[in-house]
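Undergrad: Just one file: protein_8.pdb, with PDB, C-alpha atoms, pLDDT in the B column.
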ATOM      1  CA  TRP G  24      -7.954  -5.770  11.551  1.00 64.00           C
ATOM      2  CA  HIS G  25      -5.043  -4.918   9.259  1.00 84.00           C
ATOM      3  CA  GLU G  26      -7.322  -2.902   6.996  1.00 87.00           C
ATOM      4  CA  ALA G  27      -6.826   0.230   9.079  1.00 87.00           C
ATOM      5  CA  ARG G  28      -3.047   0.014   8.660  1.00 90.00           C
ATOM      6  CA  LEU G  29      -3.314  -0.611   4.923  1.00 90.00           C
ATOM      7  CA  ARG G  30      -5.759   2.270   4.578  1.00 90.00           C
ATOM      8  CA  GLN G  31      -3.356   4.631   6.366  1.00 89.00           C
ATOM      9  CA  LEU G  32      -0.394   3.472   4.268  1.00 89.00           C
ATOM     10  CA  ASP G  33      -2.399   4.098   1.099  1.00 90.00           C
ATOM     11  CA  ARG G  34      -3.401   7.562   2.343  1.00 90.00           C
ATOM     12  CA  VAL G  35       0.222   8.452   3.078  1.00 90.00           C
ATOM     13  CA  MET G  36       1.235   7.506  -0.460  1.00 92.00           C
ATOM     14  CA  HIS G  37      -1.606   9.583  -1.907  1.00 91.00           C
ATOM     15  CA  LEU G  38      -0.588  12.590   0.195  1.00 90.00           C
ATOM     16  CA  LEU G  39       3.084  12.267  -0.737  1.00 91.00           C
ATOM     17  CA  ASP G  40       2.062  12.206  -4.393  1.00 89.00           C
ATOM     18  CA  GLY G  41      -0.043  15.347  -3.943  1.00 89.00           C
ATOM     19  CA  ALA G  42      -3.247  13.502  -4.869  1.00 83.00           C
ATOM     20  CA  GLY G  43      -4.983  14.165  -1.548  1.00 82.00           C
ATOM     21  CA  ILE G  44      -6.845  11.605   0.511  1.00 80.00           C
ATOM     22  CA  PRO G  45      -9.110   9.370  -1.595  1.00 77.00           C
ATOM     23  CA  ASP G  46     -12.858   9.624  -1.050  1.00 74.00           C
ATOM     24  CA  GLY G  47     -14.765   6.942   0.786  1.00 68.00           C
ATOM     25  CA  TYR G  48     -14.324   4.838   3.874  1.00 68.00           C
ATOM     26  CA  LYS G  49     -11.873   2.381   2.392  1.00 79.00           C
ATOM     27  CA  SER G  50      -8.903   3.003   0.132  1.00 88.00           C
ATOM     28  CA  PRO G  51      -8.078   1.878  -3.399  1.00 90.00           C
ATOM     29  CA  LEU G  52      -5.555  -0.592  -1.942  1.00 90.00           C
ATOM     30  CA  VAL G  53      -8.048  -2.179   0.476  1.00 90.00           C
ATOM     31  CA  ASP G  54     -10.726  -2.301  -2.225  1.00 89.00           C
ATOM     32  CA  ALA G  55      -8.341  -4.005  -4.666  1.00 90.00           C
ATOM     33  CA  ILE G  56      -7.295  -6.593  -2.067  1.00 88.00           C
ATOM     34  CA  ASN G  57     -10.887  -7.335  -1.070  1.00 88.00           C
ATOM     35  CA  THR G  58     -11.960  -7.901  -4.679  1.00 87.00           C
ATOM     36  CA  THR G  59      -9.032 -10.193  -5.519  1.00 86.00           C
ATOM     37  CA  THR G  60      -9.902 -13.850  -6.017  1.00 79.00           C
ATOM     38  CA  TYR G  61      -7.672 -16.900  -5.941  1.00 75.00           C
ATOM     39  CA  GLU G  62      -9.041 -17.840  -9.357  1.00 69.00           C
ATOM     40  CA  SER G  63      -7.389 -14.697 -10.742  1.00 63.00           C
ATOM     41  CA  GLY G  64      -4.048 -15.699  -9.208  1.00 74.00           C
ATOM     42  CA  ALA G  65      -4.635 -13.687  -6.014  1.00 89.00           C
ATOM     43  CA  THR G  66      -2.600 -10.782  -7.357  1.00 92.00           C
ATOM     44  CA  GLY G  67      -3.442  -7.191  -8.081  1.00 92.00           C
ATOM     45  CA  GLU G  68      -2.163  -3.660  -8.183  1.00 92.00           C
ATOM     46  CA  THR G  69      -3.043  -0.037  -7.655  1.00 91.00           C
ATOM     47  CA  ALA G  70      -1.253   3.141  -8.644  1.00 91.00           C
ATOM     48  CA  TYR G  71       1.177   2.812  -5.721  1.00 94.00           C
ATOM     49  CA  PHE G  72       1.322  -0.913  -4.897  1.00 95.00           C
ATOM     50  CA  SER G  73       1.304  -4.381  -6.378  1.00 95.00           C
ATOM     51  CA  PHE G  74       0.357  -7.279  -4.135  1.00 95.00           C
ATOM     52  CA  ARG G  75      -0.160 -11.000  -3.832  1.00 93.00           C
ATOM     53  CA  CYS G  76      -2.496 -12.679  -1.369  1.00 90.00           C
ATOM     54  CA  PHE G  77      -1.829 -16.123   0.086  1.00 88.00           C
ATOM     55  CA  TYR G  78      -4.176 -18.766   1.497  1.00 84.00           C
ATOM     56  CA  ASN G  79      -2.575 -18.522   4.950  1.00 85.00           C
ATOM     57  CA  GLY G  80      -3.641 -14.872   5.237  1.00 84.00           C
ATOM     58  CA  ASN G  81      -0.280 -13.337   4.309  1.00 89.00           C
ATOM     59  CA  LEU G  82      -0.040 -10.411   1.937  1.00 90.00           C
ATOM     60  CA  HIS G  83       3.095  -9.518  -0.015  1.00 94.00           C
ATOM     61  CA  LEU G  84       3.069  -5.811  -0.794  1.00 94.00           C
ATOM     62  CA  VAL G  85       5.459  -4.141  -3.257  1.00 96.00           C
ATOM     63  CA  PHE G  86       5.882  -0.385  -3.516  1.00 95.00           C
ATOM     64  CA  LYS G  87       5.727   0.736  -7.156  1.00 95.00           C
ATOM     65  CA  ARG G  88       6.648   4.395  -6.608  1.00 94.00           C
ATOM     66  CA  LEU G  89      10.135   4.299  -5.123  1.00 92.00           C
ATOM     67  CA  ASP G  90      10.393   8.082  -5.391  1.00 92.00           C
ATOM     68  CA  LEU G  91       7.569   8.374  -2.852  1.00 92.00           C
ATOM     69  CA  VAL G  92       9.188   5.768  -0.584  1.00 91.00           C
ATOM     70  CA  LYS G  93      12.407   7.778  -0.636  1.00 90.00           C
ATOM     71  CA  ARG G  94      10.451  10.921   0.232  1.00 89.00           C
ATOM     72  CA  LEU G  95       8.669   9.143   3.091  1.00 89.00           C
ATOM     73  CA  ASN G  96      11.990   7.882   4.473  1.00 86.00           C
ATOM     74  CA  ALA G  97      13.434  11.394   4.337  1.00 84.00           C
ATOM     75  CA  ILE G  98      10.466  12.799   6.253  1.00 84.00           C
ATOM     76  CA  ALA G  99      10.363   9.988   8.808  1.00 82.00           C
ATOM     77  CA  GLY G 100      14.122  10.107   9.311  1.00 75.00           C
ATOM     78  CA  GLY G 101      14.243  13.858   9.763  1.00 70.00           C
ATOM     79  CA  GLY G 102      16.090  14.316   6.489  1.00 61.00           C
ATOM     80  CA  ASN G 103      18.645  11.592   7.242  1.00 60.00           C
ATOM     81  CA  ILE G 104      18.433   8.878   4.612  1.00 58.00           C
ATOM     82  CA  LEU G 105      20.297   5.645   5.278  1.00 58.00           C
ATOM     83  CA  GLY G 106      23.177   5.171   2.888  1.00 58.00           C
ATOM     84  CA  ASP G 107      23.779   8.900   2.361  1.00 54.00           C
ATOM     85  CA  GLY G 108      27.409   9.203   3.352  1.00 51.00           C
TER      86      GLY G 108
END
Starting from the file, lay out its structure as structure tokens.

TA:
Amino acid sequence: WHEARLRQLDRVMHLLDGAGIPDGYKSPLVDAINTTTYESGATGETAYFSFRCFYNGNLHLVFKRLDLVKRLNAIAGGGNILGDG
């Protein structure tokens, strides 16, 4: 049930990058997670994220494009970025 949230997060990153929404029902992030195996170390990455899956169902997600994260924070915070003054 977390797929919908991951799909939306991936779409936001694509839009912030100017790449538009990816085609298809799922997103590159969800597809990469679903094709990851524990034999391969349960890790993977896309253009915007790197991740590691754990046996207990947890997912550690790392943002690779910090410029887009900063842009998202500026938009979500109404232009007020924490730490600016």

Undergrad: Just say which residues the PyMOL selection byres ((chain G and resi 71) around 8) picks in this file, as a PyMOL selection string.

TA: chain G and resi 33+36+68-70+72-73+86-88

Undergrad: If you count only C-alpha atoms, which residues fall within 12 Å of Lys49 (chain G), apart from same-chain ones fewer than 6 positions away, as a PDB file with C-alpha atoms, in the coordinates of the input?

TA:
ATOM      1  CA  GLU G  26      -7.322  -2.902   6.996  1.00 87.00           C
ATOM      2  CA  ALA G  27      -6.826   0.230   9.079  1.00 87.00           C
ATOM      3  CA  ARG G  28      -3.047   0.014   8.660  1.00 90.00           C
ATOM      4  CA  LEU G  29      -3.314  -0.611   4.923  1.00 90.00           C
ATOM      5  CA  ARG G  30      -5.759   2.270   4.578  1.00 90.00           C
ATOM      6  CA  GLN G  31      -3.356   4.631   6.366  1.00 89.00           C
ATOM      7  CA  LEU G  32      -0.394   3.472   4.268  1.00 89.00           C
ATOM      8  CA  ASP G  33      -2.399   4.098   1.099  1.00 90.00           C
ATOM      9  CA  ARG G  34      -3.401   7.562   2.343  1.00 90.00           C
ATOM     10  CA  ALA G  55      -8.341  -4.005  -4.666  1.00 90.00           C
ATOM     11  CA  ILE G  56      -7.295  -6.593  -2.067  1.00 88.00           C
ATOM     12  CA  ASN G  57     -10.887  -7.335  -1.070  1.00 88.00           C
TER      13      ASN G  57
END

Undergrad: Would you mind reading off the distance between CA of Arg94 (chain G) and CA of Gly67 (chain G), one decimal, in Å?

TA: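 Value for the CA of Arg94 (chain G)-CA of Gly67 (chain G) distance: 24.3 Å.
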
Undergrad: Would you work out the distance separating CA of His25 (chain G) from CA of Thr59 (chain G), expressed in Å to one decimal?

TA: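 Calculated distance between CA of His25 (chain G) and CA of Thr59 (chain G) is 16.2 Å.
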
Undergrad: In Å, with one decimal, what is the gap from CA of Leu91 (chain G) to CA of Asp40 (chain G)?

TA: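 Taking CA of Leu91 (chain G) and CA of Asp40 (chain G), their separation equals 6.9 Å.
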
Undergrad: What's around Phe74 (chain G) at 7 Å? Count all atoms listed in the file, leave out sequence neighbours fewer than 5 positions away in its own chain, and write the answer as a list of chain:residue names.

TA: G:Thr66, G:Gly67, G:Glu68, G:Leu82, G:His83, G:Leu84, G:Val85

Undergrad: Taking every listed atom of region 71-81 of chain G and adding 3 Å to each side, what centre and edge lengths in Å (one decimal) does the axis-aligned box have, as JSON?

TA:
{"center_x": -1.4, "center_y": -8.0, "center_z": -0.6, "size_x": 11.5, "size_y": 27.6, "size_z": 17.6}

Undergrad: Specify as a PDB file with C-alpha atoms, in the frame of the given file each residue included when the PyMOL selection byres ((chain G and resi 78) around 12) is applied to this file.

TA:
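Output saved as part-v1.pdb:
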ATOM      1  CA  THR G  60      -9.902 -13.850  -6.017  1.00 79.00           C
ATOM      2  CA  TYR G  61      -7.672 -16.900  -5.941  1.00 75.00           C
ATOM      3  CA  GLU G  62      -9.041 -17.840  -9.357  1.00 69.00           C
ATOM      4  CA  GLY G  64      -4.048 -15.699  -9.208  1.00 74.00           C
ATOM      5  CA  ALA G  65      -4.635 -13.687  -6.014  1.00 89.00           C
ATOM      6  CA  ARG G  75      -0.160 -11.000  -3.832  1.00 93.00           C
ATOM      7  CA  CYS G  76      -2.496 -12.679  -1.369  1.00 90.00           C
ATOM      8  CA  PHE G  77      -1.829 -16.123   0.086  1.00 88.00           C
ATOM      9  CA  ASN G  79      -2.575 -18.522   4.950  1.00 85.00           C
ATOM     10  CA  GLY G  80      -3.641 -14.872   5.237  1.00 84.00           C
ATOM     11  CA  ASN G  81      -0.280 -13.337   4.309  1.00 89.00           C
ATOM     12  CA  LEU G  82      -0.040 -10.411   1.937  1.00 90.00           C
ATOM     13  CA  HIS G  83       3.095  -9.518  -0.015  1.00 94.00           C
TER      14      HIS G  83
END

Undergrad: Take region 71-82 of chain G, bring it up to all heavy atoms, and give me the output as a PDB file, in the frame of the given file.

TA:
ATOM      1  N   TYR G  71      -0.003   2.739  -6.579  1.00 94.00           N
ATOM      2  CA  TYR G  71       1.177   2.812  -5.721  1.00 94.00           C
ATOM      3  C   TYR G  71       1.717   1.457  -5.276  1.00 94.00           C
ATOM      4  O   TYR G  71       2.844   1.385  -4.783  1.00 94.00           O
ATOM      5  CB  TYR G  71       0.866   3.644  -4.470  1.00 94.00           C
ATOM      6  CG  TYR G  71       0.374   5.023  -4.811  1.00 94.00           C
ATOM      7  CD1 TYR G  71      -0.942   5.404  -4.563  1.00 94.00           C
ATOM      8  CD2 TYR G  71       1.207   5.950  -5.417  1.00 94.00           C
ATOM      9  CE1 TYR G  71      -1.402   6.664  -4.894  1.00 94.00           C
ATOM     10  CE2 TYR G  71       0.755   7.211  -5.752  1.00 94.00           C
ATOM     11  CZ  TYR G  71      -0.545   7.560  -5.483  1.00 94.00           C
ATOM     12  OH  TYR G  71      -0.995   8.812  -5.814  1.00 94.00           O
ATOM     13  N   PHE G  72       0.934   0.394  -5.410  1.00 95.00           N
ATOM     14  CA  PHE G  72       1.322  -0.913  -4.897  1.00 95.00           C
ATOM     15  C   PHE G  72       0.976  -2.027  -5.871  1.00 95.00           C
ATOM     16  O   PHE G  72       0.015  -1.922  -6.628  1.00 95.00           O
ATOM     17  CB  PHE G  72       0.584  -1.228  -3.585  1.00 95.00           C
ATOM     18  CG  PHE G  72       0.726  -0.186  -2.539  1.00 95.00           C
ATOM     19  CD1 PHE G  72      -0.257   0.770  -2.348  1.00 95.00           C
ATOM     20  CD2 PHE G  72       1.846  -0.140  -1.732  1.00 95.00           C
ATOM     21  CE1 PHE G  72      -0.138   1.745  -1.378  1.00 95.00           C
ATOM     22  CE2 PHE G  72       1.985   0.829  -0.762  1.00 95.00           C
ATOM     23  CZ  PHE G  72       0.991   1.777  -0.575  1.00 95.00           C
ATOM     24  N   SER G  73       1.735  -3.112  -5.807  1.00 95.00           N
ATOM     25  CA  SER G  73       1.304  -4.381  -6.378  1.00 95.00           C
ATOM     26  C   SER G  73       1.323  -5.364  -5.207  1.00 95.00           C
ATOM     27  O   SER G  73       2.086  -5.188  -4.255  1.00 95.00           O
ATOM     28  CB  SER G  73       2.213  -4.829  -7.524  1.00 95.00           C
ATOM     29  OG  SER G  73       3.523  -5.030  -7.092  1.00 95.00           O
ATOM     30  N   PHE G  74       0.479  -6.373  -5.278  1.00 95.00           N
ATOM     31  CA  PHE G  74       0.357  -7.279  -4.135  1.00 95.00           C
ATOM     32  C   PHE G  74       0.007  -8.686  -4.574  1.00 95.00           C
ATOM     33  O   PHE G  74      -0.447  -8.910  -5.692  1.00 95.00           O
ATOM     34  CB  PHE G  74      -0.694  -6.764  -3.148  1.00 95.00           C
ATOM     35  CG  PHE G  74      -2.071  -6.649  -3.728  1.00 95.00           C
ATOM     36  CD1 PHE G  74      -2.934  -7.734  -3.720  1.00 95.00           C
ATOM     37  CD2 PHE G  74      -2.515  -5.469  -4.288  1.00 95.00           C
ATOM     38  CE1 PHE G  74      -4.203  -7.637  -4.255  1.00 95.00           C
ATOM     39  CE2 PHE G  74      -3.781  -5.353  -4.824  1.00 95.00           C
ATOM     40  CZ  PHE G  74      -4.631  -6.444  -4.815  1.00 95.00           C
ATOM     41  N   ARG G  75       0.238  -9.612  -3.648  1.00 93.00           N
ATOM     42  CA  ARG G  75      -0.160 -11.000  -3.832  1.00 93.00           C
ATOM     43  C   ARG G  75      -0.694 -11.511  -2.495  1.00 93.00           C
ATOM     44  O   ARG G  75      -0.066 -11.339  -1.456  1.00 93.00           O
ATOM     45  CB  ARG G  75       1.015 -11.853  -4.280  1.00 93.00           C
ATOM     46  CG  ARG G  75       0.620 -13.290  -4.522  1.00 93.00           C
ATOM     47  CD  ARG G  75       1.692 -14.061  -5.218  1.00 93.00           C
ATOM     48  NE  ARG G  75       1.200 -15.411  -5.443  1.00 93.00           N
ATOM     49  CZ  ARG G  75       1.970 -16.442  -5.637  1.00 93.00           C
ATOM     50  NH1 ARG G  75       3.278 -16.287  -5.655  1.00 93.00           N
ATOM     51  NH2 ARG G  75       1.446 -17.625  -5.821  1.00 93.00           N
ATOM     52  N   CYS G  76      -1.858 -12.123  -2.551  1.00 90.00           N
ATOM     53  CA  CYS G  76      -2.496 -12.679  -1.369  1.00 90.00           C
ATOM     54  C   CYS G  76      -2.230 -14.182  -1.307  1.00 90.00           C
ATOM     55  O   CYS G  76      -2.193 -14.850  -2.342  1.00 90.00           O
ATOM     56  CB  CYS G  76      -4.008 -12.451  -1.417  1.00 90.00           C
ATOM     57  SG  CYS G  76      -4.484 -10.729  -1.610  1.00 90.00           S
ATOM     58  N   PHE G  77      -2.084 -14.703  -0.106  1.00 88.00           N
ATOM     59  CA  PHE G  77      -1.829 -16.123   0.086  1.00 88.00           C
ATOM     60  C   PHE G  77      -2.928 -16.739   0.946  1.00 88.00           C
ATOM     61  O   PHE G  77      -3.562 -16.065   1.746  1.00 88.00           O
ATOM     62  CB  PHE G  77      -0.457 -16.331   0.743  1.00 88.00           C
ATOM     63  CG  PHE G  77       0.678 -15.936  -0.162  1.00 88.00           C
ATOM     64  CD1 PHE G  77       1.140 -14.638  -0.188  1.00 88.00           C
ATOM     65  CD2 PHE G  77       1.267 -16.868  -0.995  1.00 88.00           C
ATOM     66  CE1 PHE G  77       2.179 -14.265  -1.027  1.00 88.00           C
ATOM     67  CE2 PHE G  77       2.302 -16.518  -1.838  1.00 88.00           C
ATOM     68  CZ  PHE G  77       2.758 -15.211  -1.861  1.00 88.00           C
ATOM     69  N   TYR G  78      -3.125 -18.042   0.778  1.00 84.00           N
ATOM     70  CA  TYR G  78      -4.176 -18.766   1.497  1.00 84.00           C
ATOM     71  C   TYR G  78      -4.029 -18.681   3.009  1.00 84.00           C
ATOM     72  O   TYR G  78      -5.010 -18.733   3.737  1.00 84.00           O
ATOM     73  CB  TYR G  78      -4.189 -20.244   1.092  1.00 84.00           C
ATOM     74  CG  TYR G  78      -4.815 -20.508  -0.252  1.00 84.00           C
ATOM     75  CD1 TYR G  78      -4.042 -20.864  -1.335  1.00 84.00           C
ATOM     76  CD2 TYR G  78      -6.193 -20.389  -0.431  1.00 84.00           C
ATOM     77  CE1 TYR G  78      -4.616 -21.104  -2.567  1.00 84.00           C
ATOM     78  CE2 TYR G  78      -6.777 -20.618  -1.654  1.00 84.00           C
ATOM     79  CZ  TYR G  78      -5.979 -20.986  -2.723  1.00 84.00           C
ATOM     80  OH  TYR G  78      -6.559 -21.211  -3.927  1.00 84.00           O
ATOM     81  N   ASN G  79      -2.791 -18.565   3.498  1.00 85.00           N
ATOM     82  CA  ASN G  79      -2.575 -18.522   4.950  1.00 85.00           C
ATOM     83  C   ASN G  79      -2.841 -17.150   5.557  1.00 85.00           C
ATOM     84  O   ASN G  79      -2.604 -16.917   6.729  1.00 85.00           O
ATOM     85  CB  ASN G  79      -1.165 -18.993   5.289  1.00 85.00           C
ATOM     86  CG  ASN G  79      -0.088 -18.078   4.749  1.00 85.00           C
ATOM     87  OD1 ASN G  79      -0.363 -17.075   4.100  1.00 85.00           O
ATOM     88  ND2 ASN G  79       1.160 -18.431   5.005  1.00 85.00           N
ATOM     89  N   GLY G  80      -3.311 -16.204   4.737  1.00 84.00           N
ATOM     90  CA  GLY G  80      -3.641 -14.872   5.237  1.00 84.00           C
ATOM     91  C   GLY G  80      -2.535 -13.849   5.054  1.00 84.00           C
ATOM     92  O   GLY G  80      -2.719 -12.682   5.380  1.00 84.00           O
ATOM     93  N   ASN G  81      -1.381 -14.269   4.546  1.00 89.00           N
ATOM     94  CA  ASN G  81      -0.280 -13.337   4.309  1.00 89.00           C
ATOM     95  C   ASN G  81      -0.541 -12.498   3.070  1.00 89.00           C
ATOM     96  O   ASN G  81      -1.236 -12.921   2.150  1.00 89.00           O
ATOM     97  CB  ASN G  81       1.038 -14.086   4.126  1.00 89.00           C
ATOM     98  CG  ASN G  81       1.563 -14.629   5.427  1.00 89.00           C
ATOM     99  OD1 ASN G  81       1.163 -14.210   6.507  1.00 89.00           O
ATOM    100  ND2 ASN G  81       2.472 -15.590   5.334  1.00 89.00           N
ATOM    101  N   LEU G  82       0.051 -11.330   3.067  1.00 90.00           N
ATOM    102  CA  LEU G  82      -0.040 -10.411   1.937  1.00 90.00           C
ATOM    103  C   LEU G  82       1.360  -9.913   1.637  1.00 90.00           C
ATOM    104  O   LEU G  82       2.047  -9.404   2.529  1.00 90.00           O
ATOM    105  CB  LEU G  82      -0.946  -9.220   2.275  1.00 90.00           C
ATOM    106  CG  LEU G  82      -1.000  -8.104   1.254  1.00 90.00           C
ATOM    107  CD1 LEU G  82      -1.832  -8.542   0.052  1.00 90.00           C
ATOM    108  CD2 LEU G  82      -1.584  -6.852   1.872  1.00 90.00           C
TER     109      LEU G  82
END
